[in-house]
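Quick look at entry.cif (mmCIF, N, CA and C atoms):
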```cif
data_model
#
loop_
_atom_site.label_atom_id
_atom_site.label_comp_id
_atom_site.auth_asym_id
_atom_site.auth_seq_id
_atom_site.Cartn_x
_atom_site.Cartn_y
_atom_site.Cartn_z
N MET A 1 2.25 28.98 -13.89
CA MET A 1 2.11 27.58 -14.18
C MET A 1 1.44 26.89 -12.98
N SER A 2 0.35 26.26 -13.22
CA SER A 2 -0.38 25.61 -12.13
C SER A 2 0.02 24.14 -12.04
N THR A 3 -0.15 23.58 -10.84
CA THR A 3 0.16 22.16 -10.64
C THR A 3 -0.98 21.32 -11.19
N PRO A 4 -0.67 20.19 -11.81
CA PRO A 4 -1.75 19.36 -12.35
C PRO A 4 -2.57 18.70 -11.24
N ILE A 5 -3.84 18.53 -11.51
CA ILE A 5 -4.75 17.90 -10.55
C ILE A 5 -4.64 16.39 -10.73
N PRO A 6 -4.45 15.65 -9.63
CA PRO A 6 -4.35 14.19 -9.78
C PRO A 6 -5.67 13.60 -10.26
N PRO A 7 -5.60 12.48 -10.99
CA PRO A 7 -6.84 11.90 -11.53
C PRO A 7 -7.74 11.35 -10.43
N ASN A 8 -9.02 11.49 -10.63
CA ASN A 8 -10.01 10.98 -9.69
C ASN A 8 -10.34 9.54 -10.07
N PRO A 9 -10.19 8.57 -9.15
CA PRO A 9 -10.46 7.18 -9.51
C PRO A 9 -11.94 6.91 -9.81
N TYR A 10 -12.83 7.84 -9.45
CA TYR A 10 -14.25 7.64 -9.68
C TYR A 10 -14.74 8.37 -10.92
N GLU A 11 -13.83 8.90 -11.74
CA GLU A 11 -14.23 9.57 -12.95
C GLU A 11 -14.69 8.56 -14.00
N TYR A 12 -15.27 9.08 -15.04
CA TYR A 12 -15.70 8.25 -16.17
C TYR A 12 -14.50 7.54 -16.77
N SER A 13 -14.57 6.20 -16.89
CA SER A 13 -13.42 5.42 -17.35
C SER A 13 -13.39 5.20 -18.85
N GLY A 14 -14.35 5.68 -19.57
CA GLY A 14 -14.38 5.49 -21.01
C GLY A 14 -15.35 4.38 -21.43
N VAL A 15 -15.70 3.51 -20.52
CA VAL A 15 -16.64 2.42 -20.79
C VAL A 15 -17.84 2.64 -19.88
N ASN A 16 -19.02 2.67 -20.45
CA ASN A 16 -20.21 2.94 -19.67
C ASN A 16 -20.71 1.65 -19.02
N THR A 17 -20.12 1.27 -17.88
CA THR A 17 -20.53 0.06 -17.18
C THR A 17 -21.41 0.36 -15.99
N GLY A 18 -21.47 1.61 -15.59
CA GLY A 18 -22.25 1.98 -14.41
C GLY A 18 -21.46 1.87 -13.13
N TYR A 19 -20.23 1.38 -13.23
CA TYR A 19 -19.37 1.25 -12.06
C TYR A 19 -18.24 2.27 -12.15
N PRO A 20 -17.67 2.67 -11.00
CA PRO A 20 -16.54 3.60 -11.06
C PRO A 20 -15.32 2.95 -11.70
N ALA A 21 -14.38 3.78 -12.10
CA ALA A 21 -13.15 3.27 -12.70
C ALA A 21 -12.43 2.37 -11.70
N GLU A 22 -11.66 1.43 -12.22
CA GLU A 22 -10.96 0.48 -11.36
C GLU A 22 -9.92 1.20 -10.50
N ILE A 23 -9.89 0.87 -9.23
CA ILE A 23 -8.93 1.45 -8.31
C ILE A 23 -7.75 0.49 -8.20
N VAL A 24 -6.56 0.98 -8.40
CA VAL A 24 -5.37 0.14 -8.36
C VAL A 24 -5.00 -0.16 -6.92
N GLN A 25 -4.82 -1.44 -6.61
CA GLN A 25 -4.43 -1.84 -5.26
C GLN A 25 -2.92 -1.93 -5.19
N GLU A 26 -2.35 -1.46 -4.10
CA GLU A 26 -0.91 -1.52 -3.93
C GLU A 26 -0.57 -2.62 -2.94
N GLY A 27 0.29 -3.54 -3.34
CA GLY A 27 0.70 -4.63 -2.47
C GLY A 27 0.00 -5.92 -2.83
N SER A 28 0.30 -6.98 -2.09
CA SER A 28 -0.25 -8.29 -2.36
C SER A 28 -0.95 -8.81 -1.11
N PHE A 29 -2.26 -8.97 -1.18
CA PHE A 29 -3.03 -9.46 -0.05
C PHE A 29 -2.62 -10.89 0.31
N LYS A 30 -2.43 -11.74 -0.71
CA LYS A 30 -2.07 -13.14 -0.46
C LYS A 30 -0.71 -13.26 0.22
N LEU A 31 0.25 -12.45 -0.20
CA LEU A 31 1.56 -12.46 0.44
C LEU A 31 1.43 -12.04 1.90
N GLY A 32 0.61 -11.04 2.17
CA GLY A 32 0.40 -10.59 3.53
C GLY A 32 -0.22 -11.67 4.41
N VAL A 33 -1.20 -12.40 3.87
CA VAL A 33 -1.82 -13.48 4.63
C VAL A 33 -0.79 -14.55 4.94
N ALA A 34 0.03 -14.89 3.95
CA ALA A 34 1.08 -15.90 4.18
C ALA A 34 2.06 -15.44 5.25
N LEU A 35 2.47 -14.18 5.20
CA LEU A 35 3.40 -13.66 6.21
C LEU A 35 2.77 -13.67 7.60
N GLY A 36 1.50 -13.30 7.68
CA GLY A 36 0.81 -13.27 8.96
C GLY A 36 0.64 -14.65 9.56
N VAL A 37 0.34 -15.65 8.71
CA VAL A 37 0.12 -17.01 9.21
C VAL A 37 1.45 -17.67 9.57
N ILE A 38 2.44 -17.55 8.70
CA ILE A 38 3.71 -18.26 8.91
C ILE A 38 4.54 -17.61 10.00
N PHE A 39 4.70 -16.29 9.95
CA PHE A 39 5.59 -15.61 10.89
C PHE A 39 4.88 -14.99 12.09
N GLY A 40 3.56 -15.01 12.09
CA GLY A 40 2.81 -14.51 13.24
C GLY A 40 3.02 -13.02 13.49
N LEU A 41 3.24 -12.69 14.74
CA LEU A 41 3.38 -11.29 15.13
C LEU A 41 4.59 -10.64 14.48
N TRP A 42 5.68 -11.41 14.30
CA TRP A 42 6.85 -10.85 13.63
C TRP A 42 6.53 -10.48 12.19
N GLY A 43 5.73 -11.29 11.53
CA GLY A 43 5.33 -10.97 10.16
C GLY A 43 4.46 -9.73 10.08
N VAL A 44 3.56 -9.58 11.04
CA VAL A 44 2.70 -8.39 11.07
C VAL A 44 3.54 -7.14 11.32
N ILE A 45 4.44 -7.20 12.28
CA ILE A 45 5.29 -6.05 12.58
C ILE A 45 6.15 -5.69 11.38
N GLY A 46 6.72 -6.71 10.73
CA GLY A 46 7.55 -6.45 9.55
C GLY A 46 6.77 -5.81 8.42
N THR A 47 5.55 -6.29 8.17
CA THR A 47 4.76 -5.70 7.10
C THR A 47 4.28 -4.29 7.46
N LEU A 48 3.97 -4.06 8.73
CA LEU A 48 3.56 -2.71 9.12
C LEU A 48 4.68 -1.71 8.92
N ILE A 49 5.91 -2.16 9.07
CA ILE A 49 7.05 -1.26 8.90
C ILE A 49 7.39 -1.06 7.43
N MET A 50 7.39 -2.15 6.64
CA MET A 50 7.98 -2.07 5.30
C MET A 50 7.03 -2.27 4.12
N ALA A 51 5.81 -2.73 4.31
CA ALA A 51 4.99 -3.17 3.18
C ALA A 51 3.99 -2.10 2.74
N ARG A 52 3.30 -2.42 1.66
CA ARG A 52 2.25 -1.53 1.13
C ARG A 52 0.90 -1.88 1.76
N ALA A 53 -0.10 -1.13 1.41
CA ALA A 53 -1.40 -1.19 2.10
C ALA A 53 -2.05 -2.57 2.06
N GLU A 54 -2.15 -3.19 0.89
CA GLU A 54 -2.83 -4.49 0.79
C GLU A 54 -2.06 -5.58 1.51
N THR A 55 -0.73 -5.51 1.49
CA THR A 55 0.07 -6.51 2.19
C THR A 55 -0.12 -6.38 3.69
N LYS A 56 -0.21 -5.16 4.19
CA LYS A 56 -0.46 -4.94 5.62
C LYS A 56 -1.83 -5.51 6.02
N ARG A 57 -2.82 -5.27 5.17
CA ARG A 57 -4.16 -5.79 5.45
C ARG A 57 -4.15 -7.31 5.47
N GLY A 58 -3.48 -7.92 4.52
CA GLY A 58 -3.39 -9.37 4.46
C GLY A 58 -2.68 -9.95 5.67
N ALA A 59 -1.62 -9.29 6.12
CA ALA A 59 -0.88 -9.77 7.29
C ALA A 59 -1.75 -9.73 8.54
N ARG A 60 -2.54 -8.69 8.68
CA ARG A 60 -3.44 -8.61 9.84
C ARG A 60 -4.46 -9.74 9.80
N TYR A 61 -5.05 -10.00 8.63
CA TYR A 61 -6.02 -11.10 8.51
C TYR A 61 -5.35 -12.45 8.75
N GLY A 62 -4.15 -12.64 8.23
CA GLY A 62 -3.44 -13.89 8.43
C GLY A 62 -3.12 -14.14 9.89
N PHE A 63 -2.68 -13.09 10.58
CA PHE A 63 -2.36 -13.23 12.00
C PHE A 63 -3.62 -13.52 12.81
N LEU A 64 -4.72 -12.84 12.50
CA LEU A 64 -5.97 -13.10 13.22
C LEU A 64 -6.46 -14.52 12.95
N GLY A 65 -6.31 -14.99 11.71
CA GLY A 65 -6.69 -16.36 11.40
C GLY A 65 -5.85 -17.36 12.17
N ARG A 66 -4.55 -17.09 12.27
CA ARG A 66 -3.67 -17.97 13.04
C ARG A 66 -4.07 -17.97 14.51
N LEU A 67 -4.39 -16.79 15.04
CA LEU A 67 -4.78 -16.68 16.44
C LEU A 67 -6.08 -17.44 16.71
N VAL A 68 -7.06 -17.30 15.84
CA VAL A 68 -8.34 -18.00 16.00
C VAL A 68 -8.13 -19.51 15.91
N ALA A 69 -7.32 -19.96 14.96
CA ALA A 69 -7.06 -21.40 14.81
C ALA A 69 -6.35 -21.95 16.04
N THR A 70 -5.40 -21.21 16.58
CA THR A 70 -4.69 -21.65 17.78
C THR A 70 -5.62 -21.78 18.97
N ILE A 71 -6.48 -20.79 19.17
CA ILE A 71 -7.44 -20.84 20.27
C ILE A 71 -8.42 -22.00 20.07
N PHE A 72 -8.88 -22.20 18.84
CA PHE A 72 -9.80 -23.30 18.55
C PHE A 72 -9.18 -24.65 18.89
N PHE A 73 -7.95 -24.87 18.42
CA PHE A 73 -7.30 -26.16 18.68
C PHE A 73 -6.97 -26.34 20.15
N ALA A 74 -6.65 -25.27 20.86
CA ALA A 74 -6.41 -25.39 22.30
C ALA A 74 -7.68 -25.78 23.04
N VAL A 75 -8.80 -25.19 22.67
CA VAL A 75 -10.07 -25.53 23.30
C VAL A 75 -10.45 -26.98 22.99
N VAL A 76 -10.26 -27.40 21.75
CA VAL A 76 -10.57 -28.78 21.38
C VAL A 76 -9.70 -29.76 22.15
N MET A 77 -8.42 -29.45 22.29
CA MET A 77 -7.52 -30.35 23.03
C MET A 77 -7.90 -30.44 24.50
N VAL A 78 -8.34 -29.34 25.10
CA VAL A 78 -8.75 -29.35 26.50
C VAL A 78 -10.03 -30.18 26.65
N LEU A 79 -10.95 -30.04 25.71
CA LEU A 79 -12.21 -30.80 25.79
C LEU A 79 -11.99 -32.29 25.54
N VAL A 80 -11.08 -32.63 24.67
CA VAL A 80 -10.83 -34.04 24.35
C VAL A 80 -10.02 -34.71 25.46
N ALA A 81 -9.19 -33.96 26.16
CA ALA A 81 -8.30 -34.52 27.18
C ALA A 81 -9.09 -35.07 28.38
N ASP A 82 -10.30 -34.63 28.59
CA ASP A 82 -11.07 -35.08 29.75
C ASP A 82 -11.58 -36.47 29.63
#
```
How would this structure read if it were set down as structure tokens?
Amino acid sequence: MSTPIPPNPYEYSGVNTGYPAEIVQEGSFKLGVALGVIFGLWGVIGTLIMARAETKRGARYGFLGRLVATIFFAVVMVLVAD
């Protein structure tokens, strides 16, 4: 008895659209962004430990967005204070 071969996500999907079959994403990108923005580094660490791939990606983007916004506002405040 042989083990079954897992399905290839790039196989013919039954509809001739010219594009590969849809790849299922695991996790929620929007939830990850929210966790990264609201909880910062703690949110990123938590998602890296417990979340799925898309949520981890979203948390990294959210944290980087928070970091960029913080640096931007700090620079603006320093320039305006003069």
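Computed from the coordinates, the atom N of Gln25 (chain A) to atom N of Arg57 (chain A) distance equals 12.5 Å.
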Leaving out Arg60 (chain A) and any residue of its chain fewer than 4 positions from it, which residues lie within 12 Å of it when counting only C-alpha atoms, given as a list of chain:residue names? A:Phe29, A:Lys30, A:Leu31, A:Gly32, A:Val33, A:Ala34, A:Leu35, A:Gly36, A:Val37, A:Phe39, A:Gly40, A:Leu41, A:Trp42, A:Gly43, A:Val44, A:Ile45, A:Gly46, A:Thr47, A:Leu48, A:Ala53, A:Glu54, A:Thr55, A:Lys56, A:Leu64, A:Gly65, A:Arg66, A:Leu67
I'd like the interatomic distance between CA of Arg52 (chain A) and atom N of Gly27 (chain A), to a tenth of an Å.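 Atom N of Gly27 (chain A) lies at a distance of 5.3 Å from CA of Arg52 (chain A).
The nearest approach to Gly58 (chain A) among the residues A:Ser28, A:Phe73, A:Thr3, A:Ile38, with only N, CA and C atoms taken into account, belongs to A:Ser28.
Coordinates place atom C of Gly62 (chain A) at a distance of 16.0 Å from atom N of Ala74 (chain A).
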Could you give me the residues within region 17-75 of chain A that DSSP places in helix (DSSP H, G or I), as a short mmCIF file (atom, residue, chain, number, x, y, z; two decimals) with N, CA and C atoms, in the coordinates of the input?
```
data_model
loop_
_atom_site.label_atom_id
_atom_site.label_comp_id
_atom_site.auth_asym_id
_atom_site.auth_seq_id
_atom_site.Cartn_x
_atom_site.Cartn_y
_atom_site.Cartn_z
N PHE A 29 -2.26 -8.97 -1.18
CA PHE A 29 -3.03 -9.46 -0.05
C PHE A 29 -2.62 -10.89 0.31
N LYS A 30 -2.43 -11.74 -0.71
CA LYS A 30 -2.07 -13.14 -0.46
C LYS A 30 -0.71 -13.26 0.22
N LEU A 31 0.25 -12.45 -0.20
CA LEU A 31 1.56 -12.46 0.44
C LEU A 31 1.43 -12.04 1.90
N GLY A 32 0.61 -11.04 2.17
CA GLY A 32 0.40 -10.59 3.53
C GLY A 32 -0.22 -11.67 4.41
N VAL A 33 -1.20 -12.40 3.87
CA VAL A 33 -1.82 -13.48 4.63
C VAL A 33 -0.79 -14.55 4.94
N ALA A 34 0.03 -14.89 3.95
CA ALA A 34 1.08 -15.90 4.18
C ALA A 34 2.06 -15.44 5.25
N LEU A 35 2.47 -14.18 5.20
CA LEU A 35 3.40 -13.66 6.21
C LEU A 35 2.77 -13.67 7.60
N GLY A 36 1.50 -13.30 7.68
CA GLY A 36 0.81 -13.27 8.96
C GLY A 36 0.64 -14.65 9.56
N VAL A 37 0.34 -15.65 8.71
CA VAL A 37 0.12 -17.01 9.21
C VAL A 37 1.45 -17.67 9.57
N ILE A 38 2.44 -17.55 8.70
CA ILE A 38 3.71 -18.26 8.91
C ILE A 38 4.54 -17.61 10.00
N PHE A 39 4.70 -16.29 9.95
CA PHE A 39 5.59 -15.61 10.89
C PHE A 39 4.88 -14.99 12.09
N LEU A 41 3.24 -12.69 14.74
CA LEU A 41 3.38 -11.29 15.13
C LEU A 41 4.59 -10.64 14.48
N TRP A 42 5.68 -11.41 14.30
CA TRP A 42 6.85 -10.85 13.63
C TRP A 42 6.53 -10.48 12.19
N GLY A 43 5.73 -11.29 11.53
CA GLY A 43 5.33 -10.97 10.16
C GLY A 43 4.46 -9.73 10.08
N VAL A 44 3.56 -9.58 11.04
CA VAL A 44 2.70 -8.39 11.07
C VAL A 44 3.54 -7.14 11.32
N ILE A 45 4.44 -7.20 12.28
CA ILE A 45 5.29 -6.05 12.58
C ILE A 45 6.15 -5.69 11.38
N GLY A 46 6.72 -6.71 10.73
CA GLY A 46 7.55 -6.45 9.55
C GLY A 46 6.77 -5.81 8.42
N THR A 47 5.55 -6.29 8.17
CA THR A 47 4.76 -5.70 7.10
C THR A 47 4.28 -4.29 7.46
N LEU A 48 3.97 -4.06 8.73
CA LEU A 48 3.56 -2.71 9.12
C LEU A 48 4.68 -1.71 8.92
N ILE A 49 5.91 -2.16 9.07
CA ILE A 49 7.05 -1.26 8.90
C ILE A 49 7.39 -1.06 7.43
N MET A 50 7.39 -2.15 6.64
CA MET A 50 7.98 -2.07 5.30
C MET A 50 7.03 -2.27 4.12
N ALA A 53 -0.10 -1.13 1.41
CA ALA A 53 -1.40 -1.19 2.10
C ALA A 53 -2.05 -2.57 2.06
N GLU A 54 -2.15 -3.19 0.89
CA GLU A 54 -2.83 -4.49 0.79
C GLU A 54 -2.06 -5.58 1.51
N THR A 55 -0.73 -5.51 1.49
CA THR A 55 0.07 -6.51 2.19
C THR A 55 -0.12 -6.38 3.69
N LYS A 56 -0.21 -5.16 4.19
CA LYS A 56 -0.46 -4.94 5.62
C LYS A 56 -1.83 -5.51 6.02
N ARG A 57 -2.82 -5.27 5.17
CA ARG A 57 -4.16 -5.79 5.45
C ARG A 57 -4.15 -7.31 5.47
N GLY A 58 -3.48 -7.92 4.52
CA GLY A 58 -3.39 -9.37 4.46
C GLY A 58 -2.68 -9.95 5.67
N ALA A 59 -1.62 -9.29 6.12
CA ALA A 59 -0.88 -9.77 7.29
C ALA A 59 -1.75 -9.73 8.54
N ARG A 60 -2.54 -8.69 8.68
CA ARG A 60 -3.44 -8.61 9.84
C ARG A 60 -4.46 -9.74 9.80
N TYR A 61 -5.05 -10.00 8.63
CA TYR A 61 -6.02 -11.10 8.51
C TYR A 61 -5.35 -12.45 8.75
N GLY A 62 -4.15 -12.64 8.23
CA GLY A 62 -3.44 -13.89 8.43
C GLY A 62 -3.12 -14.14 9.89
N PHE A 63 -2.68 -13.09 10.58
CA PHE A 63 -2.36 -13.23 12.00
C PHE A 63 -3.62 -13.52 12.81
N LEU A 64 -4.72 -12.84 12.50
CA LEU A 64 -5.97 -13.10 13.22
C LEU A 64 -6.46 -14.52 12.95
N GLY A 65 -6.31 -14.99 11.71
CA GLY A 65 -6.69 -16.36 11.40
C GLY A 65 -5.85 -17.36 12.17
N ARG A 66 -4.55 -17.09 12.27
CA ARG A 66 -3.67 -17.97 13.04
C ARG A 66 -4.07 -17.97 14.51
N LEU A 67 -4.39 -16.79 15.04
CA LEU A 67 -4.78 -16.68 16.44
C LEU A 67 -6.08 -17.44 16.71
N VAL A 68 -7.06 -17.30 15.84
CA VAL A 68 -8.34 -18.00 16.00
C VAL A 68 -8.13 -19.51 15.91
N ALA A 69 -7.32 -19.96 14.96
CA ALA A 69 -7.06 -21.40 14.81
C ALA A 69 -6.35 -21.95 16.04
N THR A 70 -5.40 -21.21 16.58
CA THR A 70 -4.69 -21.65 17.78
C THR A 70 -5.62 -21.78 18.97
N ILE A 71 -6.48 -20.79 19.17
CA ILE A 71 -7.44 -20.84 20.27
C ILE A 71 -8.42 -22.00 20.07
N PHE A 72 -8.88 -22.20 18.84
CA PHE A 72 -9.80 -23.30 18.55
C PHE A 72 -9.18 -24.65 18.89
N PHE A 73 -7.95 -24.87 18.42
CA PHE A 73 -7.30 -26.16 18.68
C PHE A 73 -6.97 -26.34 20.15
N ALA A 74 -6.65 -25.27 20.86
CA ALA A 74 -6.41 -25.39 22.30
C ALA A 74 -7.68 -25.78 23.04
N VAL A 75 -8.80 -25.19 22.67
CA VAL A 75 -10.07 -25.53 23.30
C VAL A 75 -10.45 -26.98 22.99
#
```
